[in-house]
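Accompanying notes for the structure given below.
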Amino acid sequence: MSIDTETHPALDACFLGPYGENDSLLEKLVVEFLRDHVYWRRNFHPEDPPAIPTSAAHHPDYQAFEARLRRELHQLSAALKKSVPFHSPRYLGHMVSDLLIPGLAAQMLTLPYNPNNVSEDAAPVTVDLEVQVGLQLARMLGYPHDPARQDCAFGHLTSGGTLANYQALRLALALKAFPVALRAAKVPEIGVPDDDESAFNLAPAAAIGLLGRWQAWLALQAAPARRRWQAAVAAERLEQHGLARFFARHPQLRTPVVLAPVTAHYSWSKGVKLLGLGRGQLRLLPERGMRLDLAALEETLADCLRQRQPVLLAVAVLGTTEYGTVDPVDGVADARDRYAARGLGFSVHVDGAWGGYLASLFRQPDGGLRSLDAVREGFRAFPAAEVHAAFGAIARTDSVTVDPHKLGYLPYGSGAFVCRDNRAMALLTEEADYVFHAASADDYLTRFRSLGQFIPEGSKPGASAAAAYVTHKVLPLDYANFGRLQAQTILAAEAFQMRAERFAQDMQPRLRVLVPFAPDSNLVCLALNPAGNTDIGVANAFLRKLHGVLRCDPSQPLQLKEFFGSITSLRQDAVGEDGMHRILRALGLDPSTASDCAEDRLLILRHTLMNPYVIDRHNGISYIDLYFQFLARTVDHFLAKAEMPCVRPSPCEEGSREALG
Ligand SMILES: *Cc1c(COP(=O)(O)O)cnc(C)c1O
């Protein structure tokens with residue numbers, strides 16, 4: 001596959017561009033569709049005369065109002081010039097870049113119609129688009145995406161990855177507790193497990209099967225009996241009792257735990273709190289080489305089985321927020337299948353808020369999975385065989401989070417939750433009547449038009465759905481289309497890594513430089529230490545100083561910034577003791593200086609390489625090259641001015657763990 005943008009001029013029309021190159025394209029679209037919207041208003045009931053007279057604009061009050069409006073807008077516009085220049089190839093900081101014109105235009109076009117995707121009544125058009133977006137994403141991920149299939153996937157948008165992860169927890173819990181409710185209500189004939197523990201530990205697929213049998217059985221009952229059974233089961237559901245009462249009524253059952261790698265995003269902590277499970281039920285598993293350690297997962301699961309400790313969900317991260325690494329999704333799905341057979345069922349969720357869209361690189365236009373060799377073509381090392389296996393195994397998981405507002409290049413707030421089998425969603429509906437309808441009563445689209453029944457939010461922007469839908473239509477989610485954008489991020493990351501190696505050589509007498517681990521995707525971290533220094537505290541202080549130059553600083557004119565980068569830390573619990581010592585030694589740092597509680601982590605620079613113009617082929621400029629030149633100048637400046645801080649930061653200072661996306 002050729003990834004040179006110059007051979008794909010279509011990609012040139014994708015973004016407004018660092019210089020606003022496509023201004024006239026965007027302007028034309030905005031004006032054209034604003035006019036179109038006005039025609040729509042006028043043609044609703046053309047017999048209704050204008051309610052605002054044309055002469056109104058001449059009234060002094062009108063003019064005063066307009067003047068005030070303009071003044072405020074000018075002030076806003078001026079203030080916004082201090083915004084972070086996400087669009088610039090000099091921005092290598094957080095998980096954001098320029099916006100795709102298809103999405104931006106579709107969103108702007110839709111805004112004045114103001115559809116509310118809480119329901120079909122408030123959004124007759126965009127609710128359908130949102131359901132279609134779910135299917136588009138499902139196809140990219142390898143889930144069943146034909147709505148005629150009973151087990152078709154279902155996806156919807158959320159305000160972001162945080163809420164999508166929460167939705168995964170909510171669905172997994174509903175699915176886990178429902179069989180217990182069927183048992184408590186003494187539903188006969190449909191094969192409810194004989195004891196609470198077995199019912200609570202069904203594998204998700206088995207629970208969905210049971211739900212289907214219950215719906216079918218219910219449909220056969222006469223109306224009064226049906227209502228009685230519905231009420232009986234509804235009264236026993238966890239969603240009715242609440243956690244405390246539910247577990248009090250089922251004393252054999254323990255509160256389930258959530259397993260996630262130690263690199264998991266902090267939204268998981270928020271999620272377990274919000275669900276009422278409590279932070280104590282989130283077990284963070286160690287990593288090996290920045291990927292979830294399958295041996296540790298195995299050990300934990302074996303332990304849970306022994307202790308009769310139920311597991312709600314195992315999370316695999318597809319592109320960690322801090323390092324871009326990819327967990328072995330295939331291994332986690334294998335573990336789920338093995339333990340389901342031993343009576344410890346749990347769901348597997350892929351947190352692909354960051355890396356989800358990379359799946360487009362692995363997808364053929366016909367929907368098939370591309371081979372490892374095919375994906376590799378054109379890259380230096382991407383993807384590792386393990387990474388390819390992880391993407392291939394998404395199809396076997398139970399649900400996925402993916403953020404259109406990250407690698408989907410769409411405006412905030414746009415996250416997405418996709419579950420592999422739509423039938424599970426019946427357990428999240430608010431109206432019990434509806435829940436217990438036979439599954440076949442409505443077709444897929446009709447069922448999911450009442451989106452508000454299923455989503456954690458209420459009112460929400462239909463404009464976001466329009467943006468995602470149009471983008472996925474213009475750039476289908478396969479390697480030949482949307483994948484080209486993703487390929488550029490990988491190429492940029494590989495170029496960055498190569499350039500970092502040269503930087504390490506050039507700086508050798510003065511600075512030790514290390515890419516601490518081979519990146520799985522498009523985030524590249526850089527560990528630095530002034531030559532001769534052995535103290536982690538000093539190295540961290542040096543890095544903080546560098547970060548001071550690379551971070552956003554609203555007190556200074558924007559143009560003074562040459563580049564933006566972000567910072568994160570390496571912790572022993574994430575890298576492992578061996579890994580941590582390897583990295584520290586390579587930097588000439590003495591691990592024993594880590595004993596101080598403030599220095600249990602090593603600060604490193606973090607670079608997000610998603611800007612499509614990081615390598616400007618048109619002008620032959622590599623902003624990666626310029627960045628390393630800038631870094632060399634800055635480091636030399638610090639070292640020459642002996643600005644090397646020798647004082648260690650105060651003990652126990654809060655580490656600056658990556659908080660932003
Ligand atoms: C960004 C991110 C999240 C949270 O997503 P928001 O859209 O910021 O709410 C969750 N998980 C991972 C892996 C992320 O990178």
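So you can find residues: chains in the structure tokens are A, B, ... in the order shown, residues in each start at 1, and ligands are numbered from 1 in order.
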Residues of region 192-284 of chain A in alpha helix (DSSP H), written as a PyMOL selection string: chain A and resi 196-200+204-220+223-236+238-241+243-249+267-274
Shell of 10 Å around ligand 1 (only C-alpha atoms and all ligand atoms), written as an NGL selection string: :A and (94-95 or 158-166 or 263-268 or 316-326 or 350-356 or 401-407 or 412-416 or 659-661)
Serialized selection, C-alpha atoms, as an mmCIF file, in the first residue's frame:
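part.cif was written with the following content:
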```cif
data_model
loop_
_atom_site.group_PDB
_atom_site.id
_atom_site.type_symbol
_atom_site.label_atom_id
_atom_site.label_comp_id
_atom_site.auth_asym_id
_atom_site.auth_seq_id
_atom_site.Cartn_x
_atom_site.Cartn_y
_atom_site.Cartn_z
ATOM 1 C CA HIS A 94 -2.327 15.369 23.792
ATOM 2 C CA MET A 95 -4.707 13.179 21.801
ATOM 3 C CA THR A 158 -21.644 9.138 24.221
ATOM 4 C CA SER A 159 -20.078 12.362 25.418
ATOM 5 C CA GLY A 160 -16.724 10.564 25.415
ATOM 6 C CA GLY A 161 -14.778 7.456 26.287
ATOM 7 C CA THR A 162 -15.423 7.912 29.991
ATOM 8 C CA LEU A 163 -19.148 7.449 29.602
ATOM 9 C CA ALA A 164 -18.720 4.666 27.060
ATOM 10 C CA ASN A 165 -16.601 2.775 29.592
ATOM 11 C CA TYR A 166 -19.280 3.393 32.186
ATOM 12 C CA THR A 263 -2.152 1.413 32.626
ATOM 13 C CA ALA A 264 -5.945 1.699 32.395
ATOM 14 C CA HIS A 265 -7.420 5.165 32.054
ATOM 15 C CA TYR A 266 -8.759 6.742 35.248
ATOM 16 C CA SER A 267 -12.273 6.648 33.806
ATOM 17 C CA TRP A 268 -12.387 3.054 35.099
ATOM 18 C CA ALA A 316 -8.065 -4.814 27.603
ATOM 19 C CA VAL A 317 -6.731 -1.446 26.494
ATOM 20 C CA LEU A 318 -6.248 -0.915 22.790
ATOM 21 C CA GLY A 319 -3.804 1.963 22.777
ATOM 22 C CA THR A 320 -3.031 3.100 26.309
ATOM 23 C CA THR A 321 -3.528 6.779 27.009
ATOM 24 C CA GLU A 322 -0.007 7.265 28.218
ATOM 25 C CA TYR A 323 2.085 5.002 25.993
ATOM 26 C CA GLY A 324 -0.103 3.907 23.075
ATOM 27 C CA THR A 325 0.558 0.254 23.887
ATOM 28 C CA VAL A 326 -1.900 -2.491 22.964
ATOM 29 C CA VAL A 350 -11.863 -3.358 24.859
ATOM 30 C CA ASP A 351 -11.054 0.199 25.856
ATOM 31 C CA GLY A 352 -10.156 1.497 22.421
ATOM 32 C CA ALA A 353 -10.966 5.128 23.220
ATOM 33 C CA TRP A 354 -7.575 5.965 21.770
ATOM 34 C CA GLY A 355 -6.666 3.119 19.414
ATOM 35 C CA GLY A 356 -10.107 1.980 18.274
ATOM 36 C CA THR A 401 -15.160 1.919 23.565
ATOM 37 C CA VAL A 402 -13.903 4.096 20.739
ATOM 38 C CA ASP A 403 -13.602 7.877 20.673
ATOM 39 C CA PRO A 404 -14.490 9.686 17.454
ATOM 40 C CA HIS A 405 -13.116 12.820 19.117
ATOM 41 C CA LYS A 406 -9.630 11.295 19.335
ATOM 42 C CA LEU A 407 -8.284 9.312 16.368
ATOM 43 C CA TYR A 412 -15.676 17.000 21.182
ATOM 44 C CA GLY A 413 -17.674 15.395 22.725
ATOM 45 C CA SER A 414 -17.978 12.277 20.737
ATOM 46 C CA GLY A 415 -17.295 8.866 22.227
ATOM 47 C CA ALA A 416 -18.861 5.578 21.264
ATOM 48 C CA ALA A 659 -4.873 13.390 33.042
ATOM 49 C CA LEU A 660 -5.877 14.722 29.674
ATOM 50 C CA GLY A 661 -6.777 12.651 26.686
#
```
How many Å separate CA of Glu120 (chain A) from CA of Arg237 (chain A)? 28.0 Å
Got a sec: who's within 10 Å of Arg606 (chain A), counting only C-alpha atoms, leaving out chain neighbours fewer than 5 positions off, as JSON, numbers by chain? {"A": [92, 93, 94, 322, 323, 324, 523, 524, 525, 526, 527, 547, 565, 566, 567, 568, 569, 658]}
Distance query region 617-629 of chain A at most 8 Å, only C-alpha atoms, self and fewer than 3 positions along chain excluded, as an mmCIF file with C-alpha atoms, in the first residue's frame:
```cif
data_model
loop_
_atom_site.group_PDB
_atom_site.id
_atom_site.type_symbol
_atom_site.label_atom_id
_atom_site.label_comp_id
_atom_site.auth_asym_id
_atom_site.auth_seq_id
_atom_site.Cartn_x
_atom_site.Cartn_y
_atom_site.Cartn_z
ATOM 1 C CA THR A 5 -0.221 11.683 0.531
ATOM 2 C CA GLU A 6 0.877 13.134 -2.776
ATOM 3 C CA PRO A 89 2.100 20.008 13.175
ATOM 4 C CA ARG A 90 4.053 21.649 15.994
ATOM 5 C CA ALA A 495 9.898 8.438 11.777
ATOM 6 C CA PHE A 496 9.857 9.999 15.225
ATOM 7 C CA ARG A 499 14.916 10.427 14.604
ATOM 8 C CA ALA A 500 15.010 9.895 18.363
ATOM 9 C CA PHE A 503 19.109 12.476 18.628
ATOM 10 C CA PHE A 563 6.484 23.062 19.986
ATOM 11 C CA VAL A 614 3.904 16.287 10.838
ATOM 12 C CA ALA A 632 18.653 19.825 21.371
ATOM 13 C CA ARG A 633 18.846 23.632 21.565
#
```
May I have a table of the residues of region 498-612 of chain A lying at most 7 Å from region 277-300 of chain A, giving each one's closest pair of atoms and their distance in Å to one decimal, counting only C-alpha atoms, ordered by chain and ascending residue number, as a tab-separated table?
```
residue	atom	partner	partner_atom	distance
A:Asp573	CA	A:Pro286	CA	6.2
A:Ala574	CA	A:Glu287	CA	5.4
A:Val575	CA	A:Met290	CA	5.9
A:Gly576	CA	A:Arg288	CA	6.7
```
Counting only C-alpha atoms, what is within 8 Å of Gly155 (chain A), bar same-chain residues fewer than 3 positions away, as an MDAnalysis selection string? chainID A and resid 131 133:135 137:138 416:419
What does the file look like for those residues with C-alpha atoms, as an mmCIF file, in the first residue's frame?
```
data_model
loop_
_atom_site.group_PDB
_atom_site.id
_atom_site.type_symbol
_atom_site.label_atom_id
_atom_site.label_comp_id
_atom_site.auth_asym_id
_atom_site.auth_seq_id
_atom_site.Cartn_x
_atom_site.Cartn_y
_atom_site.Cartn_z
ATOM 1 C CA VAL A 131 -27.653 3.770 14.941
ATOM 2 C CA VAL A 133 -22.701 4.968 13.129
ATOM 3 C CA GLY A 134 -22.897 2.081 15.590
ATOM 4 C CA LEU A 135 -23.061 -0.322 12.649
ATOM 5 C CA LEU A 137 -18.016 1.099 13.896
ATOM 6 C CA ALA A 138 -19.131 -2.495 14.450
ATOM 7 C CA ALA A 416 -18.861 5.578 21.264
ATOM 8 C CA PHE A 417 -19.919 2.381 22.971
ATOM 9 C CA VAL A 418 -20.402 -0.723 20.845
ATOM 10 C CA CYS A 419 -21.608 -4.082 22.139
#
```
Closest atom pairs, region 94-173 of chain A residues within 8 Å of region 29-47 of chain A, only C-alpha atoms, as a Markdown table:
```
| residue | atom | partner | partner_atom | distance |
| --- | --- | --- | --- | --- |
| A:Ala105 | CA | A:Val30 | CA | 6.6 |
| A:Met108 | CA | A:Val30 | CA | 7.1 |
| A:Leu109 | CA | A:Phe33 | CA | 5.9 |
| A:Pro112 | CA | A:His37 | CA | 7.6 |
| A:Tyr113 | CA | A:His37 | CA | 7.9 |
```
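Residue-level DSSP output for region 454-613 of chain A, from the backbone, shows strand (DSSP E or B) at Pro461, Leu511, Arg512, Val513, Leu514, Leu523, Val524, Cys525, Leu526, Ala527, Leu528, Asn529, Pro530, Phe564, Ser566, Ile567, Thr568, Ser569, Leu570, Arg571, Arg601, Leu602, Leu603, Ile604, Leu605, Arg606, His607 and Thr608 of chain A.
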